[in-house]
$ cat data_29.txt   # compact mmCIF, C-alpha atoms and all ligand atoms
# COMPACT_ATOMS: atom_id res chain seq x y z
CA MET T 1 -104.87 -29.82 -20.14
CA PRO T 2 -103.50 -26.31 -20.69
CA THR T 3 -100.34 -26.22 -22.76
CA ASN T 4 -98.67 -23.14 -21.33
CA LEU T 5 -96.88 -24.83 -18.46
CA PRO T 6 -93.21 -23.98 -17.83
CA PRO T 7 -90.50 -26.70 -17.97
CA GLU T 8 -90.13 -26.45 -14.18
CA TYR T 9 -93.71 -27.68 -13.90
CA PHE T 10 -92.84 -30.93 -15.66
CA GLU T 11 -89.76 -31.42 -13.52
CA ALA T 12 -91.90 -30.89 -10.40
CA GLU T 13 -94.54 -33.25 -11.80
CA LYS T 14 -91.88 -35.93 -12.21
CA ARG T 15 -90.72 -35.43 -8.62
CA PHE T 16 -94.33 -35.75 -7.49
CA LYS T 17 -94.76 -38.99 -9.45
CA ASP T 18 -91.50 -40.38 -8.07
CA SER T 19 -92.34 -39.52 -4.46
CA VAL T 20 -93.60 -42.24 -2.16
CA THR T 21 -94.51 -41.14 1.36
CA PRO T 22 -97.37 -38.70 2.13
CA GLU T 23 -94.71 -36.22 3.40
CA GLU T 24 -92.78 -36.40 0.14
CA LYS T 25 -96.00 -36.16 -1.86
CA THR T 26 -97.07 -33.08 0.14
CA GLN T 27 -93.74 -31.38 -0.42
CA ALA T 28 -93.65 -32.26 -4.12
CA LEU T 29 -97.25 -31.11 -4.63
CA GLU T 30 -96.61 -27.77 -2.95
CA GLU T 31 -93.73 -27.22 -5.32
CA LEU T 32 -95.77 -28.41 -8.29
CA ILE T 33 -98.62 -25.98 -7.51
CA SER T 34 -96.16 -23.11 -7.19
CA ARG T 35 -94.89 -23.90 -10.71
CA ILE T 36 -98.30 -23.52 -12.39
CA PRO T 37 -98.78 -20.05 -13.89
CA LYS T 38 -101.86 -18.37 -12.42
CA HIS T 39 -104.50 -17.64 -15.06
CA LYS T 40 -107.95 -18.85 -16.05
CA GLY T 41 -106.68 -21.73 -18.19
CA THR T 42 -104.99 -23.35 -15.20
CA ASP T 43 -107.76 -22.83 -12.60
CA LYS T 44 -109.01 -26.40 -12.89
CA LEU T 45 -105.57 -27.97 -12.76
CA ARG T 46 -104.60 -26.00 -9.66
CA ALA T 47 -107.91 -26.89 -7.96
CA GLU T 48 -107.30 -30.60 -8.65
CA TYR T 49 -103.82 -30.50 -7.21
CA ARG T 50 -104.97 -28.55 -4.16
CA LYS T 51 -107.55 -31.26 -3.47
CA LYS T 52 -104.81 -33.89 -3.69
CA LEU T 53 -102.59 -31.77 -1.48
CA SER T 54 -105.12 -31.57 1.32
CA LYS T 55 -105.54 -35.38 1.14
CA PHE T 56 -101.80 -36.02 1.47
CA LYS T 57 -101.48 -33.33 4.13
CA SER T 58 -104.07 -34.98 6.33
CA GLN T 59 -102.44 -38.39 5.75
CA SER T 60 -99.03 -37.11 6.76
CA GLN T 61 -100.53 -35.25 9.71
CA SER T 62 -102.11 -38.38 11.14
CA LYS T 63 -98.87 -40.26 10.53
CA LYS T 64 -96.94 -37.56 12.34
CA ASN T 65 -98.83 -38.25 15.52
CA THR T 66 -97.18 -41.63 15.67
CA ALA T 67 -93.99 -41.12 13.66
CA LYS T 68 -91.15 -38.78 14.45
CA HIS T 69 -91.17 -35.25 13.01
CA ASP T 70 -89.64 -34.32 9.69
CA SER T 71 -86.40 -32.42 9.90
CA HIS T 72 -86.76 -28.67 10.47
CA PHE T 73 -84.12 -28.26 7.79
CA LYS T 74 -86.47 -29.44 5.05
CA ILE T 75 -87.80 -26.12 3.86
CA GLU T 76 -89.85 -25.63 0.73
CA LYS T 77 -88.28 -23.35 -1.88
CA GLU T 78 -90.04 -20.06 -2.47
CA GLY T 79 -89.38 -17.04 -4.68
CA ASP T 80 -86.72 -16.45 -7.33
CA GLY T 81 -83.75 -17.73 -5.36
CA ARG T 82 -82.64 -19.24 -2.05
CA ILE T 83 -80.07 -17.60 0.20
CA VAL T 84 -78.83 -19.34 3.33
CA VAL T 85 -77.23 -17.24 6.08
CA VAL T 86 -74.42 -19.02 7.97
CA GLY T 87 -71.79 -18.13 10.50
CA ALA T 88 -70.46 -18.61 14.00
CA ALA T 89 -72.63 -18.01 17.08
CA ASN T 90 -73.79 -14.46 17.82
CA VAL T 91 -72.58 -12.85 14.58
CA GLY T 92 -76.04 -11.42 13.81
CA LYS T 93 -77.60 -14.02 11.46
CA SER T 94 -81.04 -13.80 13.05
CA SER T 95 -80.79 -10.00 13.22
CA LEU T 96 -80.12 -9.88 9.47
CA VAL T 97 -83.01 -12.16 8.52
CA SER T 98 -85.31 -10.26 10.85
CA TYR T 99 -84.17 -6.91 9.40
CA LEU T 100 -84.40 -7.83 5.73
CA THR T 101 -87.44 -10.12 5.63
CA ASN T 102 -90.92 -10.61 7.02
CA ALA T 103 -89.67 -13.39 9.35
CA GLU T 104 -89.04 -12.80 13.04
CA PRO T 105 -86.41 -15.24 14.31
CA GLU T 106 -85.31 -14.74 17.91
CA VAL T 107 -82.42 -12.31 18.34
CA SER T 108 -80.50 -12.61 21.57
CA GLU T 109 -77.34 -11.40 23.28
CA ALA T 110 -76.71 -14.97 24.38
CA PRO T 111 -74.89 -17.13 21.79
CA TYR T 112 -76.46 -20.34 20.44
CA SER T 113 -79.95 -18.87 20.59
CA THR T 114 -81.02 -20.25 17.20
CA TRP T 115 -81.65 -23.99 17.01
CA VAL T 116 -83.89 -24.30 13.99
CA PRO T 117 -83.74 -22.53 10.63
CA THR T 118 -86.28 -19.80 9.84
CA PRO T 119 -87.07 -18.74 6.27
CA GLY T 120 -88.30 -15.26 5.31
CA ILE T 121 -88.88 -13.41 2.04
CA LEU T 122 -86.73 -10.49 1.02
CA GLU T 123 -88.37 -8.35 -1.67
CA PHE T 124 -86.10 -6.13 -3.70
CA LYS T 125 -87.35 -4.29 -6.79
CA GLY T 126 -89.70 -7.06 -7.84
CA ILE T 127 -87.30 -9.92 -7.03
CA HIS T 128 -88.40 -12.25 -4.23
CA LEU T 129 -85.64 -14.07 -2.42
CA GLN T 130 -85.94 -16.70 0.27
CA LEU T 131 -83.52 -15.82 3.06
CA ILE T 132 -82.97 -18.54 5.67
CA ASP T 133 -81.63 -17.98 9.19
CA THR T 134 -79.74 -20.99 10.55
CA PRO T 135 -78.14 -22.20 13.80
CA PRO T 136 -74.46 -21.36 14.37
CA ILE T 137 -71.87 -23.59 12.68
CA ASP T 138 -68.79 -23.08 14.78
CA ARG T 139 -68.72 -26.66 15.96
CA ASN T 140 -67.43 -29.59 14.01
CA TYR T 141 -70.73 -31.40 13.80
CA ILE T 142 -73.61 -30.14 11.71
CA GLU T 143 -76.71 -32.18 10.93
CA PRO T 144 -76.73 -33.85 7.48
CA GLU T 145 -80.05 -32.12 6.75
CA PHE T 146 -78.42 -28.76 7.49
CA VAL T 147 -75.68 -29.62 4.98
CA ASP T 148 -78.37 -30.52 2.41
CA LEU T 149 -80.06 -27.17 3.01
CA LEU T 150 -76.76 -25.39 2.37
CA LYS T 151 -76.20 -27.36 -0.80
CA SER T 152 -79.62 -26.28 -2.07
CA ALA T 153 -78.70 -22.57 -1.80
CA ASP T 154 -78.28 -20.30 -4.82
CA LEU T 155 -76.11 -18.11 -2.61
CA ILE T 156 -74.60 -18.47 0.85
CA LEU T 157 -74.20 -15.38 3.02
CA LEU T 158 -71.30 -16.08 5.32
CA MET T 159 -71.54 -13.69 8.26
CA VAL T 160 -68.62 -12.66 10.41
CA ASP T 161 -68.62 -10.65 13.66
CA LEU T 162 -65.99 -7.93 13.25
CA GLN T 163 -65.84 -7.53 17.03
CA ALA T 164 -64.96 -11.17 17.82
CA PHE T 165 -61.58 -12.24 16.32
CA PRO T 166 -62.91 -12.10 12.77
CA ILE T 167 -60.01 -13.80 10.96
CA PRO T 168 -59.94 -17.14 12.84
CA GLN T 169 -63.75 -16.98 13.04
CA PHE T 170 -64.03 -16.66 9.26
CA GLN T 171 -61.46 -19.42 8.69
CA GLN T 172 -63.27 -21.77 11.05
CA THR T 173 -66.62 -21.23 9.31
CA VAL T 174 -65.05 -21.90 5.92
CA GLU T 175 -63.40 -25.04 7.31
CA VAL T 176 -66.73 -26.42 8.53
CA LEU T 177 -68.31 -25.76 5.14
CA GLU T 178 -65.41 -27.28 3.22
CA SER T 179 -65.24 -30.36 5.44
CA ASN T 180 -68.86 -30.90 4.34
CA ARG T 181 -67.88 -30.50 0.67
CA ILE T 182 -69.30 -27.00 0.30
CA PHE T 183 -66.90 -24.63 -1.42
CA ALA T 184 -67.07 -21.07 -2.65
CA ARG T 185 -67.54 -20.95 -6.41
CA ILE T 186 -64.34 -18.90 -6.68
CA LYS T 187 -62.43 -22.04 -5.68
CA LYS T 188 -63.73 -24.16 -8.54
CA THR T 189 -61.06 -25.63 -10.77
CA ASP T 190 -61.29 -27.95 -13.77
CA SER T 191 -59.91 -30.83 -11.73
CA ALA T 192 -62.38 -30.37 -8.84
CA ASP T 193 -63.79 -33.52 -7.19
CA PRO T 194 -67.28 -34.09 -8.66
CA ARG T 195 -68.67 -34.75 -5.17
CA ASN T 196 -67.89 -31.19 -4.13
CA TYR T 197 -70.52 -28.45 -4.29
CA PHE T 198 -69.47 -25.03 -5.56
CA ILE T 199 -71.83 -22.27 -4.52
CA PRO T 200 -71.49 -18.48 -4.70
CA ILE T 201 -70.52 -17.39 -1.19
CA VAL T 202 -70.34 -13.77 -0.11
CA VAL T 203 -68.97 -12.49 3.16
CA LEU T 204 -70.95 -9.97 5.22
CA VAL T 205 -68.81 -8.54 7.99
CA ASN T 206 -71.29 -7.39 10.64
CA LYS T 207 -70.92 -5.11 13.68
CA ASP T 208 -68.85 -2.50 11.81
CA ASP T 209 -70.81 -0.04 13.96
CA THR T 210 -68.64 3.08 13.72
CA GLU T 211 -65.68 4.40 11.80
CA GLY T 212 -63.57 3.26 14.75
CA PHE T 213 -63.98 -0.33 13.51
CA ASP T 214 -63.14 0.41 9.87
CA GLU T 215 -59.44 -0.23 10.40
CA ASP T 216 -60.13 -3.71 11.81
CA PHE T 217 -62.29 -4.32 8.78
CA GLU T 218 -59.51 -3.28 6.40
CA VAL T 219 -57.12 -5.86 7.92
CA LEU T 220 -59.66 -8.63 7.35
CA ASN T 221 -60.69 -7.24 3.96
CA GLU T 222 -57.16 -7.22 2.63
CA LEU T 223 -56.73 -10.88 3.44
CA LEU T 224 -60.08 -11.92 1.97
CA LYS T 225 -59.77 -9.82 -1.18
CA GLU T 226 -56.41 -11.44 -1.83
CA GLU T 227 -58.18 -14.82 -1.87
CA GLY T 228 -60.87 -13.45 -4.20
CA TRP T 229 -63.83 -13.29 -1.78
CA ALA T 230 -66.66 -10.79 -2.29
CA VAL T 231 -66.84 -8.87 1.00
CA LEU T 232 -69.11 -6.15 2.42
CA PRO T 233 -68.89 -4.50 5.86
CA ILE T 234 -72.26 -3.79 7.50
CA SER T 235 -73.76 -2.87 10.83
CA ILE T 236 -77.30 -3.97 11.45
CA LYS T 237 -77.34 -2.08 14.73
CA ALA T 238 -76.16 1.22 13.22
CA GLY T 239 -77.89 0.64 9.87
CA ARG T 240 -74.60 0.93 7.96
CA ASN T 241 -74.53 -0.43 4.41
CA ILE T 242 -77.82 -2.28 4.71
CA ASP T 243 -79.20 -1.00 1.37
CA GLU T 244 -75.85 -1.81 -0.21
CA ALA T 245 -76.15 -5.34 1.21
CA GLU T 246 -79.39 -5.91 -0.75
CA GLN T 247 -77.82 -4.69 -3.99
CA PHE T 248 -74.68 -6.68 -3.28
CA ILE T 249 -76.75 -9.87 -2.88
CA ILE T 250 -78.65 -9.29 -6.14
CA ARG T 251 -75.42 -8.55 -7.98
CA GLU T 252 -73.74 -11.70 -6.69
CA LEU T 253 -76.79 -13.77 -7.64
CA GLU T 254 -76.38 -12.38 -11.16
CA MET T 255 -80.11 -11.99 -11.68
CA ILE T 256 -81.84 -9.70 -14.15
CA ARG T 257 -85.46 -8.51 -14.30
CA ILE T 258 -87.23 -8.56 -17.65
CA TYR T 259 -90.72 -7.20 -18.23
CA SER T 260 -93.23 -8.62 -20.65
CA LYS T 261 -95.28 -6.22 -22.77
CA PRO T 262 -98.32 -7.57 -24.62
CA PRO T 263 -98.68 -5.92 -28.09
CA GLY T 264 -100.60 -2.64 -27.85
CA GLU T 265 -100.51 -2.58 -24.05
CA GLU T 266 -98.32 -1.05 -21.38
CA PRO T 267 -95.86 -3.42 -19.65
CA ASP T 268 -96.58 -4.50 -16.09
CA LEU T 269 -93.56 -3.10 -14.29
CA THR T 270 -94.54 -4.65 -10.96
CA GLN T 271 -94.16 -8.26 -12.13
CA PRO T 272 -90.75 -8.94 -13.66
CA PHE T 273 -89.60 -12.31 -14.92
CA VAL T 274 -86.37 -13.08 -13.11
CA LEU T 275 -83.59 -14.67 -15.16
CA HIS T 276 -79.88 -15.26 -14.87
CA SER T 277 -77.65 -12.57 -16.27
CA GLY T 278 -76.62 -13.41 -19.83
CA SER T 279 -80.01 -14.97 -20.68
CA THR T 280 -81.23 -14.67 -24.25
CA LEU T 281 -84.55 -13.64 -25.74
CA GLU T 282 -85.31 -17.31 -26.37
CA GLU T 283 -84.77 -18.17 -22.69
CA PHE T 284 -87.04 -15.31 -21.68
CA ALA T 285 -89.75 -16.51 -24.09
CA ALA T 286 -89.56 -20.01 -22.59
CA LYS T 287 -90.06 -18.56 -19.12
CA VAL T 288 -93.14 -16.59 -20.16
CA HIS T 289 -94.81 -19.54 -21.84
CA ARG T 290 -93.64 -23.07 -22.52
CA ASP T 291 -94.52 -22.92 -26.23
CA PHE T 292 -93.28 -19.40 -26.84
CA ALA T 293 -89.62 -20.33 -27.32
CA LYS T 294 -90.57 -22.74 -30.08
CA ASN T 295 -93.17 -20.53 -31.78
CA LEU T 296 -91.43 -17.21 -31.41
CA LYS T 297 -91.45 -15.23 -34.68
CA SER T 298 -90.01 -11.90 -33.64
CA ALA T 299 -89.69 -9.55 -30.69
CA LYS T 300 -89.47 -5.83 -30.04
CA LEU T 301 -87.27 -4.54 -27.29
CA TRP T 302 -87.06 -1.41 -25.16
CA GLY T 303 -84.09 -1.04 -22.85
CA LYS T 304 -80.34 -1.09 -22.71
CA ARG T 305 -78.17 -1.18 -25.81
CA VAL T 306 -81.13 -1.01 -28.25
CA HIS T 307 -83.25 1.67 -29.92
CA ASP T 308 -86.80 1.87 -28.57
CA GLY T 309 -88.86 -0.89 -30.12
CA GLN T 310 -85.88 -2.47 -31.92
CA MET T 311 -86.53 -5.89 -33.44
CA VAL T 312 -84.21 -8.51 -31.99
CA GLY T 313 -83.46 -12.16 -32.67
CA ARG T 314 -83.60 -15.25 -30.48
CA ASP T 315 -79.96 -15.07 -29.47
CA HIS T 316 -80.13 -11.45 -28.34
CA ILE T 317 -78.73 -11.10 -24.82
CA LEU T 318 -81.06 -9.28 -22.43
CA TYR T 319 -80.12 -6.77 -19.75
CA ASP T 320 -81.68 -5.93 -16.38
CA GLY T 321 -84.79 -3.76 -16.88
CA ASP T 322 -85.40 -4.65 -20.55
CA ILE T 323 -89.02 -4.64 -21.77
CA VAL T 324 -89.93 -7.25 -24.36
CA GLU T 325 -92.90 -7.57 -26.71
CA LEU T 326 -93.06 -11.13 -28.00
CA HIS T 327 -94.68 -11.86 -31.36
CA ILE T 328 -95.81 -15.43 -31.75
N1 LIG G 401 -72.86 -4.14 18.06
C1 LIG G 401 -73.66 -4.78 17.24
N2 LIG G 401 -74.43 -5.79 17.69
C2 LIG G 401 -75.22 -6.44 16.83
C3 LIG G 401 -75.28 -6.11 15.45
N3 LIG G 401 -76.15 -6.96 14.86
C4 LIG G 401 -76.60 -7.79 15.81
N4 LIG G 401 -76.06 -7.48 17.01
C5 LIG G 401 -76.29 -8.10 18.32
O1 LIG G 401 -75.58 -9.33 18.37
C6 LIG G 401 -76.28 -10.27 19.20
C7 LIG G 401 -76.51 -11.56 18.44
O2 LIG G 401 -77.42 -11.33 17.40
P1 LIG G 401 -78.23 -12.52 16.72
O3 LIG G 401 -78.91 -11.95 15.51
O4 LIG G 401 -79.07 -13.25 17.70
O5 LIG G 401 -77.00 -13.44 16.28
P2 LIG G 401 -77.02 -14.92 15.68
O6 LIG G 401 -75.88 -15.01 14.74
O7 LIG G 401 -78.36 -15.23 15.13
O8 LIG G 401 -76.72 -15.77 16.97
P3 LIG G 401 -76.94 -17.37 17.18
O9 LIG G 401 -78.31 -17.71 16.72
O10 LIG G 401 -76.78 -17.57 18.63
O11 LIG G 401 -75.88 -18.03 16.40
C8 LIG G 401 -77.59 -9.56 19.62
O12 LIG G 401 -77.41 -9.01 20.89
C9 LIG G 401 -77.74 -8.47 18.55
O13 LIG G 401 -78.48 -7.36 19.05
C10 LIG G 401 -74.47 -5.01 15.00
O14 LIG G 401 -74.47 -4.63 13.83
N5 LIG G 401 -73.67 -4.42 15.92
MG MG G 402 -79.63 -16.70 15.62
$ encode --input "data_29.txt" --output "structure tokens"
Amino acid sequence: MPTNLPPEYFEAEKRFKDSVTPEEKTQALEELISRIPKHKGTDKLRAEYRKKLSKFKSQSQSKKNTAKHDSHFKIEKEGDGRIVVVGAANVGKSSLVSYLTNAEPEVSEAPYSTWVPTPGILEFKGIHLQLIDTPPIDRNYIEPEFVDLLKSADLILLMVDLQAFPIPQFQQTVEVLESNRIFARIKKTDSADPRNYFIPIVVLVNKDDTEGFDEDFEVLNELLKEEGWAVLPISIKAGRNIDEAEQFIIRELEMIRIYSKPPGEEPDLTQPFVLHSGSTLEEFAAKVHRDFAKNLKSAKLWGKRVHDGQMVGRDHILYDGDIVELHI
């Protein structure tokens, strides 16, 4: 058994062991396989799990012919983070996911055109994010599985249509989320009910097509800024602020990209390790290799707030773009 498996692998392994039905086993195995670092030492392990996966897949497939389908809202996690796009009907959720990712959900002038969620991958400077299009939530009822999907998000993109009474529309969307115990992280207080979920939520105000709409946006913006919301006006149709939207999302997710440099070699700048902002050298080492955090002797760093090749300690805080040479 190779020893260089990340902690997430063991968590996924536990979920696999705890799962019961072929569907649960399939889902847990897919996650487990995605947690195994790809290199020669893990070839055998991955092959074994893939064999198991195809067995459970065929079991759940034959069961599906007689049993009812799994919920469409059960979507496997992929990439460095999960972003769920929500909002009232017709605000442009499917347009956004179709614009920013490889997915092609149906976009339509008619409201209520999306009935099932569609995930896609947004790639931004080496960070891979799973962006999920969802059905509109301007009615009081939303499926429990939809609520679970929202609770599993690292970030919620709340979309508003600037051209359709944006203030009550925004308030109604927030109300639906809050009545399902999903709150913006900015609302967290020390006395918060432990059953409530606090998730970073950012507001994308779509259909700000021309400068003529900017004034309407300012009225909404003033109100939201007062409450502490992070807000960005965009127009998918006119291509306004789309690049800013990607940077805005990454900033709100508070992710940093750190590059590993083997001693005597150039760093691979196409494959960053993605960590939360404020992570330390020790946390980075643990992400590269399970044993590295424990065995780490020293490290050299190139990047922000250091001299080139400066030796740093375990508690050193890393910044986006830093290059690290670990000495074990
Ligand atoms: N004017 C304008 N129209 C837009 C913009 N973005 C999307 N639309 C249009 O708005 C309509 C709805 O877009 P969708 O992406 O299907 O909206 P949705 O939120 O997924 O809608 P539902 O799935 O029904 O909730 C379509 O006709 C889009 O072409 C924009 O920036 N400006
Ligand atoms: Mg849609």
$ residues_near_ligand --input "data_29.txt" --ligand "ligand LIG 401 (chain G)" --cutoff "9 Å" --atoms "only C-alpha atoms and all ligand atoms" --output "JSON list (two decimals) with C-alpha atoms, in the frame of the given file"
[["chain", "number", "residue", "atom", "x", "y", "z"],
["T", 86, "VAL", "CA", -74.42, -19.02, 7.97],
["T", 87, "GLY", "CA", -71.79, -18.13, 10.50],
["T", 88, "ALA", "CA", -70.46, -18.61, 14.00],
["T", 89, "ALA", "CA", -72.63, -18.01, 17.08],
["T", 90, "ASN", "CA", -73.79, -14.46, 17.82],
["T", 91, "VAL", "CA", -72.58, -12.85, 14.58],
["T", 92, "GLY", "CA", -76.04, -11.42, 13.81],
["T", 93, "LYS", "CA", -77.60, -14.02, 11.46],
["T", 94, "SER", "CA", -81.04, -13.80, 13.05],
["T", 95, "SER", "CA", -80.79, -10.00, 13.22],
["T", 96, "LEU", "CA", -80.12, -9.88, 9.47],
["T", 97, "VAL", "CA", -83.01, -12.16, 8.52],
["T", 98, "SER", "CA", -85.31, -10.26, 10.85],
["T", 105, "PRO", "CA", -86.41, -15.24, 14.31],
["T", 106, "GLU", "CA", -85.31, -14.74, 17.91],
["T", 107, "VAL", "CA", -82.42, -12.31, 18.34],
["T", 108, "SER", "CA", -80.50, -12.61, 21.57],
["T", 109, "GLU", "CA", -77.34, -11.40, 23.28],
["T", 110, "ALA", "CA", -76.71, -14.97, 24.38],
["T", 111, "PRO", "CA", -74.89, -17.13, 21.79],
["T", 112, "TYR", "CA", -76.46, -20.34, 20.44],
["T", 113, "SER", "CA", -79.95, -18.87, 20.59],
["T", 114, "THR", "CA", -81.02, -20.25, 17.20],
["T", 115, "TRP", "CA", -81.65, -23.99, 17.01],
["T", 133, "ASP", "CA", -81.63, -17.98, 9.19],
["T", 134, "THR", "CA", -79.74, -20.99, 10.55],
["T", 135, "PRO", "CA", -78.14, -22.20, 13.80],
["T", 136, "PRO", "CA", -74.46, -21.36, 14.37],
["T", 137, "ILE", "CA", -71.87, -23.59, 12.68],
["T", 138, "ASP", "CA", -68.79, -23.08, 14.78],
["T", 159, "MET", "CA", -71.54, -13.69, 8.26],
["T", 160, "VAL", "CA", -68.62, -12.66, 10.41],
["T", 161, "ASP", "CA", -68.62, -10.65, 13.66],
["T", 162, "LEU", "CA", -65.99, -7.93, 13.25],
["T", 163, "GLN", "CA", -65.84, -7.53, 17.03],
["T", 206, "ASN", "CA", -71.29, -7.39, 10.64],
["T", 207, "LYS", "CA", -70.92, -5.11, 13.68],
["T", 208, "ASP", "CA", -68.85, -2.50, 11.81],
["T", 209, "ASP", "CA", -70.81, -0.04, 13.96],
["T", 234, "ILE", "CA", -72.26, -3.79, 7.50],
["T", 235, "SER", "CA", -73.76, -2.87, 10.83],
["T", 236, "ILE", "CA", -77.30, -3.97, 11.45],
["T", 237, "LYS", "CA", -77.34, -2.08, 14.73],
["T", 238, "ALA", "CA", -76.16, 1.22, 13.22],
["T", 239, "GLY", "CA", -77.89, 0.64, 9.87],
["T", 240, "ARG", "CA", -74.60, 0.93, 7.96]]
$ residues_around --input "data_29.txt" --residues "Arg181 (chain T)" --least-positions-apart "2" --cutoff "12 Å" --atoms "all atoms listed in the file" --output "PDB file with C-alpha atoms, in the frame of the given file"
ATOM      1  CA  PRO T 144     -76.730 -33.850   7.480  1.00  0.00           C
ATOM      2  CA  VAL T 147     -75.680 -29.620   4.980  1.00  0.00           C
ATOM      3  CA  ASP T 148     -78.370 -30.520   2.410  1.00  0.00           C
ATOM      4  CA  LEU T 150     -76.760 -25.390   2.370  1.00  0.00           C
ATOM      5  CA  LYS T 151     -76.200 -27.360  -0.800  1.00  0.00           C
ATOM      6  CA  VAL T 174     -65.050 -21.900   5.920  1.00  0.00           C
ATOM      7  CA  GLU T 175     -63.400 -25.040   7.310  1.00  0.00           C
ATOM      8  CA  VAL T 176     -66.730 -26.420   8.530  1.00  0.00           C
ATOM      9  CA  LEU T 177     -68.310 -25.760   5.140  1.00  0.00           C
ATOM     10  CA  GLU T 178     -65.410 -27.280   3.220  1.00  0.00           C
ATOM     11  CA  SER T 179     -65.240 -30.360   5.440  1.00  0.00           C
ATOM     12  CA  PHE T 183     -66.900 -24.630  -1.420  1.00  0.00           C
ATOM     13  CA  ALA T 184     -67.070 -21.070  -2.650  1.00  0.00           C
ATOM     14  CA  ARG T 185     -67.540 -20.950  -6.410  1.00  0.00           C
ATOM     15  CA  LYS T 187     -62.430 -22.040  -5.680  1.00  0.00           C
ATOM     16  CA  LYS T 188     -63.730 -24.160  -8.540  1.00  0.00           C
ATOM     17  CA  ALA T 192     -62.380 -30.370  -8.840  1.00  0.00           C
ATOM     18  CA  ASP T 193     -63.790 -33.520  -7.190  1.00  0.00           C
ATOM     19  CA  PRO T 194     -67.280 -34.090  -8.660  1.00  0.00           C
ATOM     20  CA  ARG T 195     -68.670 -34.750  -5.170  1.00  0.00           C
ATOM     21  CA  ASN T 196     -67.890 -31.190  -4.130  1.00  0.00           C
ATOM     22  CA  TYR T 197     -70.520 -28.450  -4.290  1.00  0.00           C
ATOM     23  CA  PHE T 198     -69.470 -25.030  -5.560  1.00  0.00           C
ATOM     24  CA  ILE T 199     -71.830 -22.270  -4.520  1.00  0.00           C
TER      25      ILE T 199
END
$ atom_distance --input "data_29.txt" --atom1 "CA of Phe16 (chain T)" --atom2 "CA of Glu78 (chain T)"
17.0 Å
$ closest_residue --input "data_29.txt" --among "T:Ile323, T:Ile83, T:Ser298, T:Lys38" --to "Pro267 (chain T)" --atoms "only C-alpha atoms"
T:Ile323
$ closest_residue --input "data_29.txt" --among "T:Val312, T:Val85, T:Ile36, T:Leu122" --to "ligand MG 402 (chain G)" --atoms "only C-alpha atoms and all ligand atoms"
T:Val85
$ closest_residue --input "data_29.txt" --among "T:Val116, T:Leu232, T:Leu223, T:Leu100" --to "Phe248 (chain T)" --atoms "only C-alpha atoms"
T:Leu232
$ residues_near_point --input "data_29.txt" --point "(-65.2, -9.9, 0.6)" --cutoff "10 Å" --atoms "all atoms listed in the file" --output "PDB file with C-alpha atoms, keeping the file's coordinate frame"
ATOM      1  CA  LEU T 158     -71.300 -16.080   5.320  1.00  0.00           C
ATOM      2  CA  ILE T 201     -70.520 -17.390  -1.190  1.00  0.00           C
ATOM      3  CA  VAL T 202     -70.340 -13.770  -0.110  1.00  0.00           C
ATOM      4  CA  VAL T 203     -68.970 -12.490   3.160  1.00  0.00           C
ATOM      5  CA  LEU T 204     -70.950  -9.970   5.220  1.00  0.00           C
ATOM      6  CA  VAL T 205     -68.810  -8.540   7.990  1.00  0.00           C
ATOM      7  CA  LEU T 220     -59.660  -8.630   7.350  1.00  0.00           C
ATOM      8  CA  ASN T 221     -60.690  -7.240   3.960  1.00  0.00           C
ATOM      9  CA  GLU T 222     -57.160  -7.220   2.630  1.00  0.00           C
ATOM     10  CA  LEU T 223     -56.730 -10.880   3.440  1.00  0.00           C
ATOM     11  CA  LEU T 224     -60.080 -11.920   1.970  1.00  0.00           C
ATOM     12  CA  LYS T 225     -59.770  -9.820  -1.180  1.00  0.00           C
ATOM     13  CA  GLU T 226     -56.410 -11.440  -1.830  1.00  0.00           C
ATOM     14  CA  GLU T 227     -58.180 -14.820  -1.870  1.00  0.00           C
ATOM     15  CA  GLY T 228     -60.870 -13.450  -4.200  1.00  0.00           C
ATOM     16  CA  TRP T 229     -63.830 -13.290  -1.780  1.00  0.00           C
ATOM     17  CA  ALA T 230     -66.660 -10.790  -2.290  1.00  0.00           C
ATOM     18  CA  VAL T 231     -66.840  -8.870   1.000  1.00  0.00           C
ATOM     19  CA  LEU T 232     -69.110  -6.150   2.420  1.00  0.00           C
ATOM     20  CA  PRO T 233     -68.890  -4.500   5.860  1.00  0.00           C
TER      21      PRO T 233
END
$ closest_residue --input "data_29.txt" --among "T:Ala164, T:Ile132, T:Ala153, T:Ile186" --to "ligand MG 402 (chain G)" --atoms "all atoms listed in the file"
T:Ile132
$ atom_distance --input "data_29.txt" --atom1 "CA of Phe170 (chain T)" --atom2 "CA of Phe73 (chain T)"
23.2 Å
$ closest_residue --input "data_29.txt" --among "T:Pro117, T:Lys261, T:Lys74, T:Glu48" --to "ligand MG 402 (chain G)" --atoms "all atoms listed in the file"
T:Pro117
$ closest_residue --input "data_29.txt" --among "T:His128, T:Arg46, T:His307, T:Arg82" --to "Leu29 (chain T)" --atoms "all atoms listed in the file"
T:Arg46
$ atom_distance --input "data_29.txt" --atom1 "CA of Thr173 (chain T)" --atom2 "CA of Ile142 (chain T)"
11.6 Å
